[in-house]
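Peer 1: Contents of target-v8.cif (mmCIF, C-alpha atoms):
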```cif
data_data
loop_
_atom_site.label_atom_id
_atom_site.label_comp_id
_atom_site.auth_asym_id
_atom_site.auth_seq_id
_atom_site.Cartn_x
_atom_site.Cartn_y
_atom_site.Cartn_z
CA MET A 1 -24.50 -13.76 -0.56
CA LEU A 2 -21.36 -15.61 0.51
CA TRP A 3 -23.27 -18.35 2.31
CA ILE A 4 -25.49 -18.92 -0.75
CA ILE A 5 -22.44 -19.46 -2.98
CA ALA A 6 -20.92 -21.72 -0.35
CA LEU A 7 -24.13 -23.77 -0.05
CA ILE A 8 -24.37 -24.24 -3.81
CA GLN A 9 -20.74 -25.29 -3.93
CA PHE A 10 -21.26 -27.67 -1.03
CA ILE A 11 -24.25 -29.31 -2.72
CA ASN A 12 -22.48 -29.65 -6.07
CA GLY A 13 -19.54 -31.31 -4.35
CA THR A 14 -16.72 -29.63 -6.27
CA PRO A 15 -13.45 -30.66 -4.60
CA CYS A 16 -10.95 -28.21 -3.17
CA GLY A 17 -7.64 -27.48 -4.89
CA TYR A 18 -5.02 -28.11 -2.23
CA THR A 19 -4.46 -28.74 1.46
CA LEU A 20 -1.47 -29.11 3.79
CA ASP A 21 0.03 -32.40 4.93
CA ASP A 22 1.27 -33.11 8.46
CA ASN A 23 4.49 -31.23 7.68
CA LYS A 24 2.52 -28.21 6.44
CA VAL A 25 3.59 -28.86 2.86
CA PRO A 26 0.92 -28.05 0.24
CA ILE A 27 -0.43 -31.10 -1.56
CA GLU A 28 -3.21 -31.66 -4.05
CA THR A 29 -6.52 -32.87 -2.65
CA ASP A 30 -9.85 -34.13 -3.92
CA LYS A 31 -11.57 -33.49 -0.62
CA GLU A 32 -14.82 -31.56 -0.76
CA PRO A 33 -15.38 -28.40 1.33
CA TRP A 34 -16.22 -28.98 4.97
CA ILE A 35 -17.69 -26.84 7.74
CA ILE A 36 -15.57 -25.38 10.55
CA ASP A 37 -17.33 -23.71 13.46
CA LYS A 38 -14.41 -21.58 14.63
CA LEU A 39 -11.77 -19.71 12.63
CA SER A 40 -9.40 -17.20 14.20
CA SER A 41 -8.07 -15.41 11.09
CA CYS A 42 -10.74 -15.80 8.41
CA GLN A 43 -13.70 -15.43 10.74
CA PHE A 44 -16.14 -14.49 7.98
CA TYR A 45 -15.91 -18.09 6.73
CA GLU A 46 -17.00 -19.57 10.06
CA LYS A 47 -19.84 -22.11 9.96
CA THR A 48 -19.76 -22.29 6.16
CA PRO A 49 -18.12 -24.90 3.90
CA VAL A 50 -14.41 -24.12 3.50
CA CYS A 51 -11.30 -25.58 1.91
CA CYS A 52 -8.89 -24.69 4.72
CA THR A 53 -8.06 -26.42 7.97
CA GLN A 54 -7.75 -24.71 11.34
CA SER A 55 -3.99 -25.13 11.02
CA GLN A 56 -4.04 -23.25 7.71
CA ASP A 57 -6.22 -20.57 9.26
CA GLU A 58 -3.68 -20.09 12.05
CA GLY A 59 -0.86 -19.90 9.52
CA ILE A 60 -2.73 -17.24 7.59
CA GLY A 61 -2.92 -15.24 10.81
CA SER A 62 0.88 -15.10 11.05
CA ASP A 63 1.00 -13.81 7.48
CA PHE A 64 -1.41 -11.04 8.47
CA LEU A 65 1.34 -9.52 10.62
CA SER A 66 3.44 -9.05 7.49
CA LEU A 67 0.52 -7.47 5.66
CA ASP A 68 -0.02 -5.01 8.50
CA ALA A 69 3.68 -4.13 8.50
CA THR A 70 3.88 -3.57 4.74
CA PHE A 71 0.45 -2.33 3.65
CA GLY A 72 -1.24 -1.31 6.91
CA SER A 73 -0.88 1.68 9.20
CA ASP A 74 1.86 -0.16 11.12
CA GLY A 75 4.01 0.51 8.05
CA ASP A 76 2.58 3.99 7.37
CA GLY A 77 0.16 2.44 4.90
CA CYS A 78 -3.60 1.98 4.69
CA ASP A 79 -5.40 -0.46 7.00
CA ILE A 80 -8.21 -0.93 4.48
CA CYS A 81 -5.67 -2.03 1.88
CA ALA A 82 -4.25 -4.52 4.39
CA ALA A 83 -7.78 -5.72 5.20
CA ASN A 84 -8.54 -6.29 1.52
CA MET A 85 -5.32 -8.27 1.13
CA LYS A 86 -6.20 -10.37 4.19
CA ARG A 87 -9.60 -11.11 2.73
CA PHE A 88 -7.97 -12.04 -0.58
CA TRP A 89 -5.62 -14.60 0.98
CA CYS A 90 -8.47 -15.97 3.09
CA ALA A 91 -10.44 -16.51 -0.11
CA TYR A 92 -7.41 -18.13 -1.74
CA SER A 93 -7.02 -20.63 1.10
CA CYS A 94 -10.55 -21.16 2.39
CA ASP A 95 -13.14 -20.32 -0.25
CA PRO A 96 -15.31 -23.36 -1.16
CA ARG A 97 -14.89 -22.47 -4.85
CA GLN A 98 -11.15 -22.99 -4.58
CA GLY A 99 -11.27 -25.96 -6.95
CA GLU A 100 -12.62 -23.67 -9.68
CA PHE A 101 -10.16 -20.79 -9.53
CA LEU A 102 -7.06 -22.69 -8.37
CA LYS A 103 -5.45 -25.42 -10.48
CA ILE A 104 -2.53 -27.56 -9.37
CA THR A 105 -0.04 -27.94 -12.23
CA GLY A 106 2.75 -29.97 -10.59
CA ARG A 107 5.91 -29.43 -8.57
CA ALA A 108 9.21 -27.70 -9.24
CA ASN A 109 12.56 -26.87 -7.68
CA VAL A 110 13.02 -23.11 -7.54
CA THR A 111 15.49 -20.66 -6.03
CA ASP A 112 14.36 -19.27 -2.71
CA PRO A 113 13.79 -15.51 -3.30
CA ARG A 114 14.91 -14.85 0.28
CA ASN A 115 18.06 -16.96 -0.04
CA PRO A 116 19.54 -17.26 -3.55
CA ASN A 117 21.85 -20.05 -2.35
CA ARG A 118 18.91 -22.27 -1.42
CA THR A 119 16.69 -24.36 -3.67
CA ILE A 120 13.22 -25.32 -2.47
CA ASP A 121 10.65 -27.83 -3.67
CA VAL A 122 7.33 -26.09 -4.32
CA GLN A 123 3.88 -26.85 -5.59
CA THR A 124 3.09 -25.03 -8.84
CA VAL A 125 -0.41 -23.63 -9.19
CA THR A 126 -2.38 -21.35 -11.48
CA LEU A 127 -4.64 -18.81 -9.82
CA ARG A 128 -7.40 -17.11 -11.80
CA ILE A 129 -8.49 -13.75 -10.41
CA HIS A 130 -11.51 -11.79 -11.58
CA PRO A 131 -10.30 -8.53 -13.21
CA GLN A 132 -12.62 -6.44 -11.05
CA VAL A 133 -11.12 -7.94 -7.90
CA ALA A 134 -7.62 -7.12 -9.13
CA CYS A 135 -8.57 -3.52 -9.95
CA ASP A 136 -10.48 -2.85 -6.72
CA VAL A 137 -7.85 -4.31 -4.39
CA PHE A 138 -5.06 -2.55 -6.28
CA SER A 139 -6.94 0.76 -6.09
CA SER A 140 -7.06 0.51 -2.31
CA CYS A 141 -3.32 -0.23 -2.10
CA LYS A 142 -1.55 1.58 -4.93
CA ARG A 143 -0.85 4.73 -2.91
CA THR A 144 0.67 2.98 0.10
CA ASN A 145 4.39 3.52 0.67
CA PHE A 146 5.28 -0.09 -0.07
CA ALA A 147 3.32 -0.39 -3.31
CA SER A 148 4.32 3.03 -4.64
CA GLN A 149 8.03 2.41 -4.05
CA VAL A 150 8.17 -0.93 -5.89
CA SER A 151 7.91 -0.44 -9.66
CA ALA A 152 6.81 -4.06 -10.13
CA MET A 153 3.56 -3.21 -8.33
CA SER A 154 2.60 -0.24 -10.50
CA THR A 155 -0.25 -2.15 -12.20
CA PRO A 156 -2.95 -4.53 -10.91
CA GLY A 157 -1.31 -7.46 -12.69
CA GLY A 158 2.14 -6.58 -11.41
CA PHE A 159 0.77 -6.03 -7.91
CA PHE A 160 -0.62 -9.57 -7.59
CA THR A 161 2.26 -11.21 -9.43
CA PHE A 162 4.69 -9.57 -7.01
CA GLN A 163 2.71 -10.87 -4.01
CA ALA A 164 2.71 -14.38 -5.46
CA GLU A 165 6.45 -14.37 -6.17
CA GLN A 166 7.39 -13.07 -2.74
CA GLY A 167 5.27 -15.68 -0.99
CA VAL A 168 7.14 -18.68 -2.39
CA SER A 169 9.37 -19.10 0.66
CA SER A 170 6.56 -19.19 3.22
CA SER A 171 3.77 -20.84 1.24
CA LEU A 172 5.94 -23.32 -0.71
CA GLN A 173 3.75 -22.56 -3.71
CA LEU A 174 4.79 -21.00 -7.00
CA ILE A 175 1.66 -19.15 -8.10
CA ALA A 176 1.07 -18.16 -11.72
CA ILE A 177 -1.52 -15.38 -11.94
CA GLU A 178 -4.18 -15.24 -14.63
CA PHE A 179 -7.15 -12.89 -15.00
CA SER A 180 -10.51 -14.17 -16.15
CA GLU A 181 -14.18 -13.44 -15.61
CA GLN A 182 -14.96 -17.16 -15.67
CA ASN A 183 -14.13 -19.63 -12.89
CA SER A 184 -12.11 -17.00 -11.06
CA LEU A 185 -11.63 -15.78 -7.51
CA VAL A 186 -14.33 -13.22 -6.75
CA MET A 187 -14.71 -10.82 -3.83
CA PRO A 188 -17.98 -8.86 -3.86
CA ASN A 189 -18.17 -5.46 -2.15
CA ILE A 190 -14.46 -4.78 -1.72
CA ASP A 191 -13.80 -1.99 0.78
CA ASN A 192 -12.82 1.34 -0.73
CA CYS A 193 -9.79 2.92 0.93
CA ASN A 194 -11.80 5.96 2.09
CA GLN A 195 -14.60 3.87 3.57
CA THR A 196 -15.65 4.51 7.16
CA PHE A 197 -16.91 2.00 9.72
CA GLU A 198 -18.90 2.18 12.93
CA LYS A 199 -17.20 1.65 16.26
CA ALA A 200 -17.72 -1.82 17.70
CA ASP A 201 -18.65 -2.64 21.29
CA ASP A 202 -14.97 -3.06 22.19
CA GLY A 203 -14.24 0.50 21.06
CA LYS A 204 -12.40 -0.58 17.90
CA PHE A 205 -13.30 -0.34 14.23
CA TYR A 206 -13.76 -3.36 11.97
CA ASP A 207 -14.66 -3.81 8.33
CA PRO A 208 -17.57 -6.13 7.39
CA TYR A 209 -15.17 -9.11 7.29
CA LYS A 210 -14.03 -8.59 10.89
CA PHE A 211 -10.60 -7.15 10.11
CA GLU A 212 -9.55 -4.34 12.43
CA ILE A 213 -9.14 -0.86 10.95
CA LYS A 214 -6.80 0.94 13.33
CA LYS A 215 -6.69 4.25 11.46
CA PRO A 216 -8.56 5.83 8.55
CA CYS A 217 -6.56 6.03 5.34
CA GLY A 218 -5.47 9.60 4.65
CA CYS A 219 -4.68 11.39 1.42
CA ASN A 220 -1.07 10.18 1.45
CA THR A 221 -2.16 6.54 1.22
CA CYS A 222 -5.62 6.80 -0.36
CA GLU A 223 -6.33 8.98 -3.36
CA ASP A 224 -10.08 8.92 -2.69
CA SER A 225 -9.48 10.48 0.74
CA CYS A 226 -8.02 13.64 -0.78
CA ASP A 227 -10.15 16.79 -0.64
CA SER A 228 -11.12 17.53 -4.23
CA GLU A 229 -11.71 21.21 -3.37
CA LYS A 230 -8.30 21.68 -1.82
CA ILE A 231 -5.62 22.96 -4.16
CA LEU A 232 -2.85 20.38 -3.99
CA TYR A 233 -0.87 21.84 -6.88
CA GLN A 234 -0.80 25.23 -8.51
CA GLU A 235 1.01 26.20 -11.68
CA PRO A 236 4.04 28.35 -10.80
CA GLY A 237 3.68 31.99 -11.80
CA VAL A 238 6.27 34.50 -12.98
CA PHE A 239 7.33 35.25 -9.41
CA TYR A 240 7.28 31.58 -8.24
CA GLY A 241 9.93 31.20 -5.53
CA PHE A 242 10.32 34.97 -5.20
CA ASP A 243 10.68 35.89 -1.51
CA TRP A 244 9.99 39.60 -1.00
CA GLN A 245 11.41 39.67 2.53
CA TYR A 246 14.83 38.42 1.47
CA VAL A 247 14.86 40.68 -1.58
CA LEU A 248 13.95 43.80 0.44
CA PHE A 249 16.49 42.86 3.10
CA ALA A 250 19.24 42.48 0.51
CA TRP A 251 18.33 45.68 -1.32
CA GLY A 252 18.07 47.56 1.98
CA TRP A 253 21.60 46.62 2.93
CA ALA A 254 22.81 47.41 -0.58
CA ILE A 255 21.26 50.88 -0.45
CA LEU A 256 22.66 51.57 3.02
CA PHE A 257 26.09 50.42 1.86
CA ALA A 258 25.88 52.67 -1.21
CA ILE A 259 24.82 55.66 0.90
CA GLY A 260 27.58 54.99 3.39
CA LEU A 261 30.17 54.63 0.65
CA THR A 262 28.96 57.85 -1.01
CA LEU A 263 29.16 59.78 2.27
CA TYR A 264 32.58 58.36 2.98
CA ARG A 265 33.88 59.36 -0.44
CA ALA A 266 32.30 62.82 -0.05
CA CYS A 267 34.03 63.28 3.29
CA ILE A 268 37.36 62.20 1.84
CA LYS A 269 36.91 64.58 -1.09
CA LYS A 270 35.99 67.46 1.24
CA ASN A 271 39.02 66.82 3.44
CA VAL A 272 41.26 66.84 0.38
CA MET A 273 39.78 70.17 -0.77
CA LEU A 274 40.23 71.72 2.68
CA GLN A 275 43.80 70.50 2.77
CA ASP A 276 44.46 72.06 -0.63
CA GLU A 277 42.98 75.40 0.51
CA GLU A 278 45.16 75.44 3.62
CA ASP A 279 48.22 74.76 1.52
CA LEU A 280 47.38 77.71 -0.75
CA ILE A 281 46.89 80.06 2.21
CA TYR A 282 50.19 79.22 3.84
CA ASN A 283 52.07 79.26 0.59
#
```
For this file, write the structure as structure tokens.

Peer 2:
Amino acid sequence: MLWIIALIQFINGTPCGYTLDDNKVPIETDKEPWIIDKLSSCQFYEKTPVCCTQSQDEGIGSDFLSLDATFGSDGDGCDICAANMKRFWCAYSCDPRQGEFLKITGRANVTDPRNPNRTIDVQTVTLRIHPQVACDVFSSCKRTNFASQVSAMSTPGGFFTFQAEQGVSSSLQLIAIEFSEQNSLVMPNIDNCNQTFEKADDGKFYDPYKFEIKKPCGCNTCEDSCDSEKILYQEPGVFYGFDWQYVLFAWGWAILFAIGLTLYRACIKKNVMLQDEEDLIYN
């Protein structure tokens, strides 16, 4: 399916949206998609028309390390979420339809989110994402530690807006996110977070887009991996939190103490009575 879309785009000659200059600064381009035989990061785009250079592809690979550390199992997250995010940024940079879903709007000086004392010159762009893409990718990521701890990522829109804002420093692009079913970034057959994959010849697991899946996503990071028949929560009853062992132990000691105290008082009373009787006899 992907190669058919790419071929149509290649024939129509729609130009790409942006490229990088010799200093790796994003600039607008009217160049049409071209074919690259070998890509190291976005391998599923190999031998098809693309809008990224090999240099861009290598740069994307360095960003993948951050995705693994924040969304993947390296950061106690979900590798399928990280894989979906990798595929998304590959599509953003390399997809031959880039000129349709990405529009260059100018340049601006903005505050570096990583260094408030620094101002950087960035390219401003508008990215249109298909709503289904936003929902499916977000669904695979929303339960990861990173996404669940940042309130700004609690919705699909917030999730992608947060990614765009945080990437300003490295990408030198200020991305405004829009959602549309027309002329938007599409990603068919997005991996579900509980999806399983066959072991490859090298003994590792990969998704259909050649991203490694180191570990399956468990219930903590993927809602769809939870066992629906397992009781995860039960309404507390009248005796919720009632520990019989501690109660019996406490009552046992209380009873023994009461018996001991009673016997002690009885002994004292008996001794007093005996003493009184002796006094009467001798008097």

Peer 1: Tell me which of A:Cys16, A:Ala69, A:Met273, A:Cys81 sits closest to A:Thr29, counting all atoms listed in the file.

Peer 2: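 Residue with the minimum atom-to-atom distance to A:Thr29: A:Cys16.
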
Peer 1: I would like the residues chosen by the PyMOL selection byres ((chain A and resi 178-184) around 12) on the shown file; could you give them as a PyMOL selection string?

Peer 2: chain A and resi 91-92+95+97-103+125-135+156-158+160-161+164+175-177+185-187

Peer 1: Could you state which residues are captured by the PyMOL selection byres ((chain A and resi 107) around 12) in this file, as a PyMOL selection string?

Peer 2: chain A and resi 25-28+104-106+108-110+120-126+172-175

Peer 1: Between A:Thr53, A:Ser154, A:Ser66, A:Thr48, which has the minimum distance to A:Ser170 (counting all atoms listed in the file)?

Peer 2: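 Of A:Thr53, A:Ser154, A:Ser66, A:Thr48, the one nearest A:Ser170 is A:Ser66, counting all atoms listed in the file.
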
Peer 1: If you measure from atom CA of A:Ser169 to atom CA of A:Thr111, what distance in Å do you get, rounded to one decimal?

Peer 2: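 Between atom CA of A:Ser169 and atom CA of A:Thr111 the gap is 9.2 Å.
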
Peer 1: As an exercise, work out the distance from atom CA of A:Gly77 to atom CA of A:Phe146 in Å and give it to one decimal place.

Peer 2: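 Result for atom CA of A:Gly77 versus atom CA of A:Phe146: 7.6 Å, one decimal.
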
Peer 1: Compare A:Ser171, A:Ser140, A:Asn84, A:Ser55 by their minimum atom-to-atom distance to A:Ser225, counting all atoms listed in the file, and give me the closest one.

Peer 2: A:Ser140

Peer 1: Quick one, how far is atom CA of A:Ala200 from atom CA of A:Glu212?

Peer 2: 10.0 Å

Peer 1: Counting all atoms listed in the file, select every polymer residue within 7 Å of (-10.9, -30.4, -2.1) as defined in the file's coordinates, and provide the selection as an NGL selection string.

Peer 2: :A and (15-18 or 29-33 or 51 or 99)

Peer 1: Starting from the shown file, work through the PyMOL selection byres ((chain A and resi 63) around 10) and note down what comes out as a ChimeraX atom specification.

Peer 2: /A:41,58-62,64-68,86,89,167,170-171

Peer 1: Would you save the residues from that selection as a compact mmCIF listing (two decimals), keeping the file's coordinate frame, using C-alpha atoms?

Peer 2:
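Listing of part33.txt after writing:
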```txt
# COMPACT_ATOMS: atom_id res chain seq x y z
CA SER A 41 -8.07 -15.41 11.09
CA GLU A 58 -3.68 -20.09 12.05
CA GLY A 59 -0.86 -19.90 9.52
CA ILE A 60 -2.73 -17.24 7.59
CA GLY A 61 -2.92 -15.24 10.81
CA SER A 62 0.88 -15.10 11.05
CA PHE A 64 -1.41 -11.04 8.47
CA LEU A 65 1.34 -9.52 10.62
CA SER A 66 3.44 -9.05 7.49
CA LEU A 67 0.52 -7.47 5.66
CA ASP A 68 -0.02 -5.01 8.50
CA LYS A 86 -6.20 -10.37 4.19
CA TRP A 89 -5.62 -14.60 0.98
CA GLY A 167 5.27 -15.68 -0.99
CA SER A 170 6.56 -19.19 3.22
CA SER A 171 3.77 -20.84 1.24
```

Peer 1: Considering all atoms listed in the file, give me a table of residues in stretch 86-158 of chain A that are at most 12 Å from stretch 193-197 of chain A, with the closest atom pair and distance in Å for each, as CSV.

Peer 2:
```
residue,atom,partner,partner_atom,distance
A:Asp136,CA,A:Cys193,CA,9.6
A:Val137,CA,A:Cys193,CA,9.2
A:Phe138,CA,A:Cys193,CA,10.2
A:Ser139,CA,A:Cys193,CA,7.9
A:Ser140,CA,A:Cys193,CA,4.9
A:Cys141,CA,A:Cys193,CA,7.8
A:Lys142,CA,A:Cys193,CA,10.2
A:Arg143,CA,A:Cys193,CA,9.9
A:Thr144,CA,A:Cys193,CA,10.5
```

Peer 1: Within 9 Å of stretch 42-45 of chain A, which residues of stretch 114-222 of chain A come that close, and what is the closest atom pair and distance in Å for each? Count all atoms listed in the file and give it as a Markdown table.

Peer 2:
```
| residue | atom | partner | partner_atom | distance |
| --- | --- | --- | --- | --- |
| A:Pro208 | CA | A:Phe44 | CA | 8.5 |
| A:Tyr209 | CA | A:Phe44 | CA | 5.5 |
| A:Lys210 | CA | A:Gln43 | CA | 6.8 |
| A:Phe211 | CA | A:Cys42 | CA | 8.8 |
```
